[in-house]
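For reference, the structure is listed below as structure tokens.
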There are 2 protein chains.
Amino acid sequence: MDYPSKIVEEAVRQFSKLPGIGKKTALRLVLSLLKQEDNEVNAFAESVVRLKKDLKYCLRCNNISDDDICGICADGRRSKEIVCVVEDLRDVMAIENTNHYKGVYHVLGGLISPVDGIGPSDIAIDPLLIRLQVEDVKEIIFALAATMEGDTTTFYISKHMKNNDIKITTIARGISVGGELEYADEITLGRSISARIEYKV
Amino acid sequence: MDYPSKIVEEAVRQFSKLPGIGKKTALRLVLSLLKQEDNEVNAFAESVVRLKKDLKYCLRCNNISDDDICGICADGRRSKEIVCVVEDLRDVMAIENTNHYKGVYHVLGGLISPVDGIGPSDIAIDPLLIRLQVEDVKEIIFALAATMEGDTTTFYISKHMKNNDIKITTIARGISVGGELEYADEITLGRSISARIEYKV
């Protein structure tokens with residue numbers, strides 16, 4: 001495609017670097033920005049710049065935060081004895097939305113993935129290992145994706161934990177609530193049988 | 001959803017104002033920006049700011065341009081006697097890609113749409129009518145969407161043209177090349193019959 005303007009071409013190139021955005025969608029987004037008022041477009045650009053300039057990462061759990069310590073870590077009502085290890089902010093938000101968890105988090109910022117060139121030192125594993133040594137943690141819950149990368153990361157961290165008194169758990173894998181068995185894939189169904197739980201009346 | 005940071009929340013709000021981008025997609029885009037380097041994110045923001053600050057509209061055809069007159073209008077090899085009226089830049093690019101058109105364009109920047117509060121004065125119709133009076137135009141081709149809005153706009157402009165010597169045409173509507181009749185909708189098929197063309201051997 002030949003763009004009539006270098007400025008539009010550059011903006012399209014920038015947008016199409018984002019995940020899931022192709023050239024056509026990028027052009028649609030750029031044209032919609034062009035139809036907005038100057039101050040709206042500047043507010044858009046400013047919000048993007050601030051992401052890098054003003055955003056902080058919680059010194060304790062590595063979650064995105066406006067302050068040095070995030071709201072969850074600073075919350076005195078939450079148990080600091082349980083740490084839930086997640087990949088990113090979206091997982092924190094998803095778990096928070098369940099209202100089922102009252103511990104704290106540790107955000108890795110990624111998963112070990114040799115294919116993508118992401119090793120243990122590229123994500124926040126060392127800060128987690130140090131944290132487990134200096135804080136009084138009783139249980140660590142791995143809530144990572146049920147993929148090769150998630151399993152590798154869970155395995156790597158659990159093998160490198162120096163403190164053996166900490167209980168290690170992972171979130172339950174199995175049939176979704178409301179899910180029908182015939183539509184579940186074989187691996188999930190197989191795992192849900194081998195990891196069957198006692199039925200309590 | 002509760003965001004752990006006002007800065008992320010604001011960026012998500014800004015992204016989700018774009019067409020086809022919901023809150024979840026916006027968050028995904030914001031998180032991918034967070035993973036980019038500072039200079040990449042600043043280049044992204046800069047390209048957005050430049051859209052409003054440096055981009056010009058061709059004084060002749062209203063197309064987006066880096067200069068006062070766009071590359072197509074400035075091209076001496078293109079016929080200035082045929083003007084193709086389109087909605088926006090994407091249509092210009094689509095027609096240019098066919099390599100079937102060697103005239104010039106007029107970009108309206110929208111279509112008349114009373115439902116959305118867009119009247120004739122909100123789009124570049126007056127500049128077109130003036131252009132048709134001062135330039136030596138022999139034919140005007142309406143290449144607008146085959147929708148109520150497109151048809152209304154074509155009708156409005158053709159009724160307001162003062163120069164009666166100009167030939168008015170619209171692009172052909174009908175069955176797509178390679179298209180099968182049974183999959184065509186009734187309106188398209190009906191129109192393609194009533195607008196049938198003589199078969200020349």
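We label chains A, B, ... in the order they appear in the structure tokens, count residues from 1 in each chain, and number ligands from 1 in the order shown.
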
>> Could you work out which residues of chain B fall inside 6 Å of chain A? Count only C-alpha atoms, and format the result as JSON, numbers by chain.
In response: {"B": [4, 5, 11, 14, 44, 45, 47, 65, 66]}

Can I get the selection written as a CSV table (one decimal), in the first residue's frame, with all heavy atoms?
```csv
chain,number,residue,atom,x,y,z
B,4,PRO,N,-4.9,-1.1,39.0
B,4,PRO,CA,-4.1,-0.8,40.1
B,4,PRO,C,-3.4,0.5,39.9
B,4,PRO,O,-2.7,1.0,40.8
B,4,PRO,CB,-3.1,-1.9,40.1
B,4,PRO,CG,-3.0,-2.4,38.6
B,4,PRO,CD,-4.4,-2.1,38.1
B,5,SER,N,-3.6,1.2,38.8
B,5,SER,CA,-2.9,2.4,38.6
B,5,SER,C,-3.7,3.4,37.8
B,5,SER,O,-4.4,3.0,36.8
B,5,SER,CB,-1.6,2.1,37.8
B,5,SER,OG,-1.2,3.2,37.0
B,11,ALA,N,-4.7,5.4,30.2
B,11,ALA,CA,-4.3,4.9,28.9
B,11,ALA,C,-5.3,3.9,28.3
B,11,ALA,O,-5.6,4.0,27.1
B,11,ALA,CB,-2.9,4.3,29.0
B,14,GLN,N,-8.2,5.9,27.0
B,14,GLN,CA,-7.8,6.6,25.7
B,14,GLN,C,-7.9,5.6,24.5
B,14,GLN,O,-8.4,5.9,23.5
B,14,GLN,CB,-6.4,7.2,25.8
B,14,GLN,CG,-6.4,8.4,26.7
B,14,GLN,CD,-7.1,9.6,26.2
B,14,GLN,OE1,-7.5,9.7,25.0
B,14,GLN,NE2,-7.3,10.6,27.0
B,44,PHE,N,6.1,6.2,19.3
B,44,PHE,CA,4.7,5.9,19.1
B,44,PHE,C,3.9,7.2,19.4
B,44,PHE,O,3.1,7.7,18.6
B,44,PHE,CB,4.3,4.8,20.0
B,44,PHE,CG,2.8,4.5,19.9
B,44,PHE,CD1,2.3,3.6,18.9
B,44,PHE,CD2,1.9,5.0,20.8
B,44,PHE,CE1,1.0,3.3,18.8
B,44,PHE,CE2,0.6,4.8,20.7
B,44,PHE,CZ,0.1,3.9,19.7
B,45,ALA,N,4.1,7.8,20.6
B,45,ALA,CA,3.4,9.0,21.0
B,45,ALA,C,3.7,10.1,20.0
B,45,ALA,O,2.8,10.9,19.6
B,45,ALA,CB,3.7,9.3,22.4
B,47,SER,N,4.5,10.0,16.9
B,47,SER,CA,3.8,9.8,15.6
B,47,SER,C,2.4,10.2,15.7
B,47,SER,O,1.8,10.7,14.7
B,47,SER,CB,4.0,8.4,15.1
B,47,SER,OG,3.1,7.5,15.8
B,65,SER,N,-2.1,14.9,3.2
B,65,SER,CA,-0.9,15.2,2.4
B,65,SER,C,0.2,15.7,3.3
B,65,SER,O,-0.1,16.3,4.4
B,65,SER,CB,-1.2,16.1,1.3
B,65,SER,OG,-0.1,16.7,0.7
B,66,ASP,N,1.4,15.6,2.9
B,66,ASP,CA,2.5,16.2,3.7
B,66,ASP,C,2.8,17.6,3.2
B,66,ASP,O,3.4,18.4,3.8
B,66,ASP,CB,3.8,15.4,3.5
B,66,ASP,CG,3.7,14.1,4.3
B,66,ASP,OD1,2.9,14.0,5.2
B,66,ASP,OD2,4.5,13.2,4.0
```

>> I'd like the neighbourhood of A:Ile140 as a PyMOL selection string, where a residue qualifies if any of its atoms comes within 12 Å (using only C-alpha atoms), though same-chain residues fewer than 6 positions away should be ignored.
In response: chain A and resi 80-86+103-106+128-129+131-132+154+157-158+161+163-171

> Taking the backbone alone, and naming residues the way the document does, which bits of stretch 85-131 of chain B are strand (DSSP E) by DSSP, as a PyMOL selection string?
Replying inline: chain B and resi 85-86+104-107

Export N, CA and C atoms of the chosen residues as a short mmCIF file (atom, residue, chain, number, x, y, z; two decimals), in the first residue's frame?
```
data_model
loop_
_atom_site.label_atom_id
_atom_site.label_comp_id
_atom_site.auth_asym_id
_atom_site.auth_seq_id
_atom_site.Cartn_x
_atom_site.Cartn_y
_atom_site.Cartn_z
N VAL B 85 -15.01 11.22 -6.65
CA VAL B 85 -15.41 11.66 -5.31
C VAL B 85 -15.44 10.45 -4.37
N VAL B 86 -14.63 10.51 -3.31
CA VAL B 86 -14.57 9.38 -2.36
C VAL B 86 -14.78 9.88 -0.94
N VAL B 104 -8.05 12.52 -11.08
CA VAL B 104 -7.76 13.01 -9.73
C VAL B 104 -8.95 12.70 -8.81
N TYR B 105 -8.81 13.09 -7.54
CA TYR B 105 -9.82 12.75 -6.55
C TYR B 105 -10.40 13.98 -5.89
N HIS B 106 -11.51 13.77 -5.19
CA HIS B 106 -11.96 14.74 -4.20
C HIS B 106 -12.38 13.96 -2.96
N VAL B 107 -11.73 14.23 -1.85
CA VAL B 107 -11.98 13.48 -0.61
C VAL B 107 -12.96 14.26 0.26
#
```

>> Quick one: residues within 8 Å of B:Arg173, only C-alpha atoms, excluding same-chain residues fewer than 3 positions away - as an MDAnalysis selection string?
In response: chainID B and resid 146 188 191:192

Go ahead and save the picked residues with all heavy atoms, as a short mmCIF file (atom, residue, chain, number, x, y, z; two decimals), in the first residue's frame.
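Result went into part_16.cif, see below:
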```
data_model
loop_
_atom_site.label_atom_id
_atom_site.label_comp_id
_atom_site.auth_asym_id
_atom_site.auth_seq_id
_atom_site.Cartn_x
_atom_site.Cartn_y
_atom_site.Cartn_z
N ALA B 146 -22.11 1.87 -1.05
CA ALA B 146 -23.46 1.54 -1.53
C ALA B 146 -24.40 1.44 -0.34
O ALA B 146 -25.03 0.42 -0.10
CB ALA B 146 -23.42 0.23 -2.30
N THR B 188 -28.32 -6.56 -4.26
CA THR B 188 -27.22 -6.47 -5.21
C THR B 188 -27.59 -7.17 -6.51
O THR B 188 -27.40 -6.63 -7.61
CB THR B 188 -25.95 -7.14 -4.62
OG1 THR B 188 -25.63 -6.50 -3.40
CG2 THR B 188 -24.78 -7.03 -5.57
N ARG B 191 -30.21 -5.15 -8.40
CA ARG B 191 -29.62 -3.98 -9.05
C ARG B 191 -28.78 -4.38 -10.25
O ARG B 191 -28.72 -3.68 -11.24
CB ARG B 191 -28.70 -3.26 -8.05
CG ARG B 191 -29.42 -2.31 -7.14
CD ARG B 191 -28.43 -1.25 -6.71
NE ARG B 191 -28.90 -0.53 -5.54
CZ ARG B 191 -28.23 0.46 -4.99
NH1 ARG B 191 -27.06 0.84 -5.49
NH2 ARG B 191 -28.71 1.09 -3.94
N SER B 192 -28.10 -5.53 -10.12
CA SER B 192 -27.20 -5.92 -11.21
C SER B 192 -28.01 -6.34 -12.44
O SER B 192 -27.51 -6.30 -13.55
CB SER B 192 -26.26 -7.04 -10.76
OG SER B 192 -26.94 -8.26 -10.73
#
```

> Taking the backbone alone, and naming residues the way the document does, which bits of stretch 57-129 of chain B are helix (DSSP H, G or I) by DSSP, as a PyMOL selection string?
Replying inline: chain B and resi 71-74+89-98+114-116+120-122+125-129

>> Can you pull out the residues contacting A:Leu111? Cut-off 12 Å, using only C-alpha atoms, and skip same-chain residues under 2 positions away; I want them as a PyMOL selection string.
In response: chain A and resi 85-88+107-109+113-125+142-157
